[in-house]
Amino acid sequence: MNRSNKFYLVVFAIISLFFGFVSSLFAAPGQETFTAYILDMEDQFIPKLSQSIATMKLGEGSIELSLLGRVDDREYYRIARSRAANPGRVDMDSDEEYHLVVYKSSSFETKDLSVEFNEYGKSWFNQYPEVTLTTKTNVPVIMNGIVNMVNLDHAQSGAPHQFLELLGGVARQVPVLKRLDHPVILKLAYDPSQTGSIPVLELPGKNYQDAFEASPRSLDQTLADMTSLASALKHAHERSIAHGDIRLGHVYLKEGQVLLTHFERSSDVSAESGAQKLGRKKFTFYNNEYHAPELRYPNGFGQKWKYTHATLEGDVWSFGMMLAEALYLTPVGHEMALASRVGQPLWQHFERVSSEDIGSVADKDKQWEQVPLTRYFRHLKADAPAYKTKQPSDYEAEILKATQSIINDCTHPDPAKRPDAHEVFERLNAIRHSSS
């Protein structure tokens, strides 16, 4: 074989490897390839991460980072962690494997597309840049959405295990969203064949809390919003997907329609996780005020956190908290809050419940009669609403009392005694239709 043929053979092999990798981004369930993205314009994160992996001590586990290929200012990696070497890191049930796409520029061009990233929003796990893709066809098409990338503000290149925990939460979101099809759940905006295999998610609109405070919604509107979200939760739970981070801050308002987003803590609770299997991904929930007590304190109240996965029952607890906050943000719900189990308006600053509070009550079922729900949570909302509140009418008071019953049941300390998402939806839907 002459040198020219060898050269073209190598080029063909590289191209085949690259496109084989790209096509794997949307592999069939059961053998899923999890892919995450980072925007590293300073080109520092991966070199430092690679150095950290190379200097890991014996007993810290095995992590492999390998370069699959480069295309202009983009790099493609495979990163894998072996659990056998360090079973103490229990955020996963098994070994894990991801593909990582590193963008070194906020804009680039391919033969078929021009791509531009702009700042849109962030969460603990994710950076959500807004992406604009323009096709280079006879009739150019502009596509717009967001891409979920790892938030490098919280990913430490010197802590490979921590980076992999973030990477897992980000990389599993697209496979989760592909299993869900509901008008109130964030979805893939375009066929990946149109976007160069960049998984573009729909632009979610405006954050619900921000939209609410700018233009307060009526009690009827809020009840309709929460019923729609209960329907979305029911849809996910029927498919064994626990969201893992239900809260009002993860709800958006798009063209008047609520949208549930931020699936970074989600899990398929029906199966163990695997290197190429969605399953249960474990997280720490200790610092999250919306999570159920059994998730925040899986070792018991006041005890050190440990890794645990999201649950359907935990989602219901979080939904109850979200429902409470949404209702009590309404002008009439604000006044009603003082007479509820919640005890006082949710935007006030509450102390974290202490182990002494819990330990003083022998009967576990009586604990929450002694420790008001609000004392368990902190900083749900720091300031009183800027808009004027008012006393509810008799009709509105009845609606609030009925929804308060749902909130109380959702936040029962015993997960087995909470209603499921189907019952929550049916009860909210019945209240909504009785009020119309």
# chains A, B, ... in the order shown; residues from 1 in each chain; ligands from 1

call {"tool": "residues_around", "arguments": {"residues": "His412 of chain A", "least_positions_apart": "3", "cutoff": "10 Å", "atoms": "only C-alpha atoms", "output": "ChimeraX atom specification"}}
result
/A:292-293,316-317,320,365,368,407-409,415-419

call {"tool": "residues_around", "arguments": {"residues": "Arg427 of chain A", "least_positions_apart": "6", "cutoff": "12 Å", "atoms": "only C-alpha atoms", "output": "PyMOL selection string"}}
result
chain A and resi 223+226-227+230-231+399+402-407+409-410+419-421+433-434

call {"tool": "closest_atom_pairs", "arguments": {"of": "segment 224-273 of chain A", "to": "segment 94-106 of chain A", "cutoff": "12 Å", "atoms": "only C-alpha atoms", "output": "tab-separated table"}}
result
residue	atom	partner	partner_atom	distance
A:Ala271	CA	A:Ser94	CA	11.7
A:Glu272	CA	A:Ser94	CA	8.1
A:Ser273	CA	A:Ser94	CA	6.5

call {"tool": "atom_distance", "arguments": {"atom1": "atom CA of Gly169 of chain A", "atom2": "atom CA of Leu253 of chain A"}}
result
23.8 Å

call {"tool": "closest_residue", "arguments": {"among": "A:Val141, A:Leu67, A:Leu180, A:Ile198", "to": "Tyr37 of chain A", "atoms": "only C-alpha atoms"}}
result
A:Ile198

call {"tool": "closest_residue", "arguments": {"among": "A:Gly279, A:Pro160, A:Pro392, A:Gly121", "to": "Val147 of chain A", "atoms": "only C-alpha atoms"}}
result
A:Gly121

call {"tool": "atom_distance", "arguments": {"atom1": "atom CA of Lys390 of chain A", "atom2": "atom CA of Val424 of chain A"}}
result
27.5 Å

call {"tool": "select_by_dssp", "arguments": {"residues": "segment 13-178 of chain A", "states": "alpha helix (DSSP H)", "output": "VMD selection string"}}
result
chain A and resid 13 to 23 45 to 54 160 to 171 173 to 178

call {"tool": "atom_distance", "arguments": {"atom1": "atom CA of Gln127 of chain A", "atom2": "atom CA of His250 of chain A"}}
result
14.0 Å

call {"tool": "residues_around", "arguments": {"residues": "Asn144 of chain A", "least_positions_apart": "3", "cutoff": "7 Å", "atoms": "only C-alpha atoms", "output": "mmCIF file with C-alpha atoms, in the first residue's frame"}}
result
data_model
loop_
_atom_site.group_PDB
_atom_site.id
_atom_site.type_symbol
_atom_site.label_atom_id
_atom_site.label_comp_id
_atom_site.auth_asym_id
_atom_site.auth_seq_id
_atom_site.Cartn_x
_atom_site.Cartn_y
_atom_site.Cartn_z
ATOM 1 C CA VAL A 131 -27.572 28.486 20.630
ATOM 2 C CA THR A 132 -28.383 29.819 17.174
ATOM 3 C CA LEU A 133 -27.765 27.474 14.253
#

call {"tool": "select_by_dssp", "arguments": {"residues": "segment 119-244 of chain A", "states": "strand (DSSP E)", "output": "JSON, numbers by chain"}}
result
{"A": [119, 120, 121, 122, 126, 127, 128, 129, 130, 131, 132, 133, 134, 135, 142, 143, 144, 145, 146, 149, 150, 206, 207, 241, 242]}

call {"tool": "residues_around", "arguments": {"residues": "Phe285 of chain A", "least_positions_apart": "2", "cutoff": "12 Å", "atoms": "only C-alpha atoms", "output": "PyMOL selection string"}}
result
chain A and resi 91+244-245+265+282-283+287-298+304-311+314+318

call {"tool": "write_last_selection", "arguments": {"atoms": "N, CA and C atoms", "output": "short mmCIF file (atom, residue, chain, number, x, y, z; two decimals), in the first residue's frame"}}
result
data_model
loop_
_atom_site.label_atom_id
_atom_site.label_comp_id
_atom_site.auth_asym_id
_atom_site.auth_seq_id
_atom_site.Cartn_x
_atom_site.Cartn_y
_atom_site.Cartn_z
N ASP A 91 -22.30 7.29 44.13
CA ASP A 91 -23.28 8.08 43.38
C ASP A 91 -23.80 7.33 42.17
N GLY A 244 -36.61 14.74 40.53
CA GLY A 244 -35.53 14.92 41.49
C GLY A 244 -35.27 16.34 41.94
N ASP A 245 -35.90 17.33 41.32
CA ASP A 245 -35.63 18.72 41.71
C ASP A 245 -36.83 19.62 41.42
N ARG A 265 -31.20 16.18 38.14
CA ARG A 265 -31.18 15.20 39.23
C ARG A 265 -32.14 14.03 38.96
N LYS A 282 -27.31 8.74 41.59
CA LYS A 282 -27.43 9.19 42.97
C LYS A 282 -26.78 10.56 43.16
N PHE A 283 -27.37 11.34 44.05
CA PHE A 283 -26.90 12.69 44.34
C PHE A 283 -26.93 12.91 45.85
N ASN A 287 -28.55 20.04 50.93
CA ASN A 287 -28.66 21.51 50.94
C ASN A 287 -29.88 22.03 50.19
N ASN A 288 -30.78 21.16 49.82
CA ASN A 288 -31.92 21.59 49.02
C ASN A 288 -33.18 21.62 49.86
N GLU A 289 -33.75 22.79 50.04
CA GLU A 289 -34.88 22.97 50.95
C GLU A 289 -36.18 22.34 50.44
N TYR A 290 -36.23 22.04 49.15
CA TYR A 290 -37.46 21.49 48.59
C TYR A 290 -37.53 19.97 48.68
N HIS A 291 -36.44 19.33 49.05
CA HIS A 291 -36.42 17.87 49.02
C HIS A 291 -36.98 17.26 50.29
N ALA A 292 -37.54 16.08 50.14
CA ALA A 292 -38.17 15.37 51.25
C ALA A 292 -37.14 15.00 52.31
N PRO A 293 -37.58 14.87 53.56
CA PRO A 293 -36.63 14.58 54.65
C PRO A 293 -35.86 13.28 54.46
N GLU A 294 -36.49 12.27 53.87
CA GLU A 294 -35.79 10.99 53.70
C GLU A 294 -34.68 11.09 52.65
N LEU A 295 -34.75 12.11 51.77
CA LEU A 295 -33.67 12.34 50.81
C LEU A 295 -32.59 13.25 51.40
N ARG A 296 -33.01 14.25 52.16
CA ARG A 296 -32.04 15.16 52.76
C ARG A 296 -31.27 14.47 53.88
N TYR A 297 -31.96 13.62 54.62
CA TYR A 297 -31.34 12.97 55.77
C TYR A 297 -31.55 11.45 55.69
N PRO A 298 -30.98 10.78 54.70
CA PRO A 298 -31.21 9.33 54.55
C PRO A 298 -30.64 8.52 55.71
N LYS A 304 -25.04 13.04 58.95
CA LYS A 304 -24.31 13.43 57.75
C LYS A 304 -24.98 12.86 56.51
N TRP A 305 -24.97 13.64 55.45
CA TRP A 305 -25.60 13.23 54.19
C TRP A 305 -24.89 12.02 53.59
N LYS A 306 -25.57 11.41 52.66
CA LYS A 306 -24.97 10.37 51.83
C LYS A 306 -25.64 10.42 50.47
N TYR A 307 -25.06 9.71 49.50
CA TYR A 307 -25.64 9.67 48.17
C TYR A 307 -26.92 8.84 48.19
N THR A 308 -27.94 9.37 47.54
CA THR A 308 -29.19 8.64 47.35
C THR A 308 -29.83 9.14 46.06
N HIS A 309 -30.72 8.35 45.50
CA HIS A 309 -31.32 8.75 44.22
C HIS A 309 -32.70 9.35 44.43
N ALA A 310 -33.14 10.11 43.45
CA ALA A 310 -34.48 10.69 43.49
C ALA A 310 -35.53 9.58 43.53
N THR A 311 -36.68 9.90 44.10
CA THR A 311 -37.78 8.94 44.19
C THR A 311 -39.08 9.60 43.76
N GLY A 314 -40.47 11.32 46.76
CA GLY A 314 -39.76 12.58 47.01
C GLY A 314 -40.24 13.68 46.08
N SER A 318 -41.83 17.45 47.08
CA SER A 318 -41.37 18.70 46.47
C SER A 318 -42.51 19.41 45.76
#

call {"tool": "decode", "arguments": {"residues": "segment 142-154 of chain A", "atoms": "all heavy atoms", "output": "PDB file, in the first residue's frame"}}
result
ATOM      1  N   ILE A 142     -32.840  29.184  10.201  1.00  0.00           N
ATOM      2  CA  ILE A 142     -32.267  29.555  11.496  1.00  0.00           C
ATOM      3  C   ILE A 142     -33.003  28.795  12.588  1.00  0.00           C
ATOM      4  O   ILE A 142     -34.233  28.828  12.660  1.00  0.00           O
ATOM      5  CB  ILE A 142     -32.371  31.078  11.736  1.00  0.00           C
ATOM      6  CG1 ILE A 142     -31.575  31.832  10.667  1.00  0.00           C
ATOM      7  CG2 ILE A 142     -31.863  31.431  13.129  1.00  0.00           C
ATOM      8  CD1 ILE A 142     -31.669  33.333  10.768  1.00  0.00           C
ATOM      9  N   MET A 143     -32.248  28.087  13.406  1.00  0.00           N
ATOM     10  CA  MET A 143     -32.809  27.327  14.524  1.00  0.00           C
ATOM     11  C   MET A 143     -32.288  27.920  15.824  1.00  0.00           C
ATOM     12  O   MET A 143     -31.132  28.341  15.901  1.00  0.00           O
ATOM     13  CB  MET A 143     -32.421  25.854  14.426  1.00  0.00           C
ATOM     14  CG  MET A 143     -32.998  25.157  13.203  1.00  0.00           C
ATOM     15  SD  MET A 143     -32.391  23.466  12.997  1.00  0.00           S
ATOM     16  CE  MET A 143     -30.794  23.783  12.255  1.00  0.00           C
ATOM     17  N   ASN A 144     -33.144  27.951  16.837  1.00  0.00           N
ATOM     18  CA  ASN A 144     -32.796  28.616  18.082  1.00  0.00           C
ATOM     19  C   ASN A 144     -33.261  27.786  19.269  1.00  0.00           C
ATOM     20  O   ASN A 144     -34.361  27.250  19.269  1.00  0.00           O
ATOM     21  CB  ASN A 144     -33.441  30.004  18.111  1.00  0.00           C
ATOM     22  CG  ASN A 144     -32.877  30.871  19.215  1.00  0.00           C
ATOM     23  OD1 ASN A 144     -33.616  31.290  20.092  1.00  0.00           O
ATOM     24  ND2 ASN A 144     -31.606  31.152  19.197  1.00  0.00           N
ATOM     25  N   GLY A 145     -32.423  27.672  20.292  1.00  0.00           N
ATOM     26  CA  GLY A 145     -32.795  26.937  21.500  1.00  0.00           C
ATOM     27  C   GLY A 145     -31.696  27.047  22.534  1.00  0.00           C
ATOM     28  O   GLY A 145     -30.892  27.989  22.511  1.00  0.00           O
ATOM     29  N   ILE A 146     -31.640  26.086  23.456  1.00  0.00           N
ATOM     30  CA  ILE A 146     -30.583  26.056  24.455  1.00  0.00           C
ATOM     31  C   ILE A 146     -29.889  24.700  24.418  1.00  0.00           C
ATOM     32  O   ILE A 146     -30.448  23.723  23.939  1.00  0.00           O
ATOM     33  CB  ILE A 146     -31.112  26.338  25.879  1.00  0.00           C
ATOM     34  CG1 ILE A 146     -32.166  25.293  26.291  1.00  0.00           C
ATOM     35  CG2 ILE A 146     -31.644  27.747  26.013  1.00  0.00           C
ATOM     36  CD1 ILE A 146     -32.615  25.413  27.737  1.00  0.00           C
ATOM     37  N   VAL A 147     -28.670  24.663  24.912  1.00  0.00           N
ATOM     38  CA  VAL A 147     -27.904  23.425  25.027  1.00  0.00           C
ATOM     39  C   VAL A 147     -27.516  23.266  26.498  1.00  0.00           C
ATOM     40  O   VAL A 147     -27.058  24.225  27.126  1.00  0.00           O
ATOM     41  CB  VAL A 147     -26.635  23.470  24.151  1.00  0.00           C
ATOM     42  CG1 VAL A 147     -25.803  22.205  24.349  1.00  0.00           C
ATOM     43  CG2 VAL A 147     -27.012  23.622  22.682  1.00  0.00           C
ATOM     44  N   ASN A 148     -27.734  22.076  27.042  1.00  0.00           N
ATOM     45  CA  ASN A 148     -27.317  21.880  28.432  1.00  0.00           C
ATOM     46  C   ASN A 148     -25.855  21.447  28.472  1.00  0.00           C
ATOM     47  O   ASN A 148     -25.478  20.393  27.977  1.00  0.00           O
ATOM     48  CB  ASN A 148     -28.232  20.897  29.179  1.00  0.00           C
ATOM     49  CG  ASN A 148     -28.295  19.543  28.539  1.00  0.00           C
ATOM     50  OD1 ASN A 148     -28.166  19.412  27.333  1.00  0.00           O
ATOM     51  ND2 ASN A 148     -28.492  18.523  29.347  1.00  0.00           N
ATOM     52  N   MET A 149     -25.038  22.318  29.053  1.00  0.00           N
ATOM     53  CA  MET A 149     -23.608  22.077  29.190  1.00  0.00           C
ATOM     54  C   MET A 149     -23.253  21.996  30.675  1.00  0.00           C
ATOM     55  O   MET A 149     -23.998  22.478  31.535  1.00  0.00           O
ATOM     56  CB  MET A 149     -22.809  23.210  28.541  1.00  0.00           C
ATOM     57  CG  MET A 149     -22.951  23.320  27.048  1.00  0.00           C
ATOM     58  SD  MET A 149     -21.879  24.636  26.405  1.00  0.00           S
ATOM     59  CE  MET A 149     -22.107  24.410  24.632  1.00  0.00           C
ATOM     60  N   VAL A 150     -22.098  21.416  30.978  1.00  0.00           N
ATOM     61  CA  VAL A 150     -21.630  21.381  32.358  1.00  0.00           C
ATOM     62  C   VAL A 150     -21.242  22.796  32.780  1.00  0.00           C
ATOM     63  O   VAL A 150     -20.547  23.509  32.048  1.00  0.00           O
ATOM     64  CB  VAL A 150     -20.414  20.447  32.507  1.00  0.00           C
ATOM     65  CG1 VAL A 150     -19.915  20.435  33.951  1.00  0.00           C
ATOM     66  CG2 VAL A 150     -20.771  19.042  32.059  1.00  0.00           C
ATOM     67  N   ASN A 151     -21.699  23.201  33.959  1.00  0.00           N
ATOM     68  CA  ASN A 151     -21.371  24.521  34.498  1.00  0.00           C
ATOM     69  C   ASN A 151     -19.954  24.477  35.079  1.00  0.00           C
ATOM     70  O   ASN A 151     -19.737  23.940  36.169  1.00  0.00           O
ATOM     71  CB  ASN A 151     -22.382  24.908  35.573  1.00  0.00           C
ATOM     72  CG  ASN A 151     -22.142  26.311  36.115  1.00  0.00           C
ATOM     73  OD1 ASN A 151     -21.198  26.988  35.707  1.00  0.00           O
ATOM     74  ND2 ASN A 151     -22.989  26.743  37.026  1.00  0.00           N
ATOM     75  N   LEU A 152     -19.005  25.051  34.364  1.00  0.00           N
ATOM     76  CA  LEU A 152     -17.613  24.989  34.805  1.00  0.00           C
ATOM     77  C   LEU A 152     -17.343  25.858  36.025  1.00  0.00           C
ATOM     78  O   LEU A 152     -16.279  25.753  36.640  1.00  0.00           O
ATOM     79  CB  LEU A 152     -16.675  25.386  33.659  1.00  0.00           C
ATOM     80  CG  LEU A 152     -16.621  24.424  32.468  1.00  0.00           C
ATOM     81  CD1 LEU A 152     -15.503  24.832  31.506  1.00  0.00           C
ATOM     82  CD2 LEU A 152     -16.407  22.990  32.923  1.00  0.00           C
ATOM     83  N   ASP A 153     -18.303  26.714  36.402  1.00  0.00           N
ATOM     84  CA  ASP A 153     -18.142  27.485  37.632  1.00  0.00           C
ATOM     85  C   ASP A 153     -18.117  26.561  38.851  1.00  0.00           C
ATOM     86  O   ASP A 153     -17.529  26.892  39.877  1.00  0.00           O
ATOM     87  CB  ASP A 153     -19.281  28.494  37.796  1.00  0.00           C
ATOM     88  CG  ASP A 153     -19.204  29.613  36.773  1.00  0.00           C
ATOM     89  OD1 ASP A 153     -18.135  29.785  36.164  1.00  0.00           O
ATOM     90  OD2 ASP A 153     -20.224  30.300  36.575  1.00  0.00           O
ATOM     91  N   HIS A 154     -18.801  25.406  38.743  1.00  0.00           N
ATOM     92  CA  HIS A 154     -18.887  24.479  39.868  1.00  0.00           C
ATOM     93  C   HIS A 154     -18.119  23.184  39.636  1.00  0.00           C
ATOM     94  O   HIS A 154     -18.007  22.367  40.544  1.00  0.00           O
ATOM     95  CB  HIS A 154     -20.360  24.166  40.169  1.00  0.00           C
ATOM     96  CG  HIS A 154     -21.125  25.356  40.630  1.00  0.00           C
ATOM     97  ND1 HIS A 154     -22.455  25.563  40.343  1.00  0.00           N
ATOM     98  CD2 HIS A 154     -20.740  26.430  41.355  1.00  0.00           C
ATOM     99  CE1 HIS A 154     -22.856  26.694  40.867  1.00  0.00           C
ATOM    100  NE2 HIS A 154     -21.836  27.245  41.482  1.00  0.00           N
TER     101      HIS A 154
END
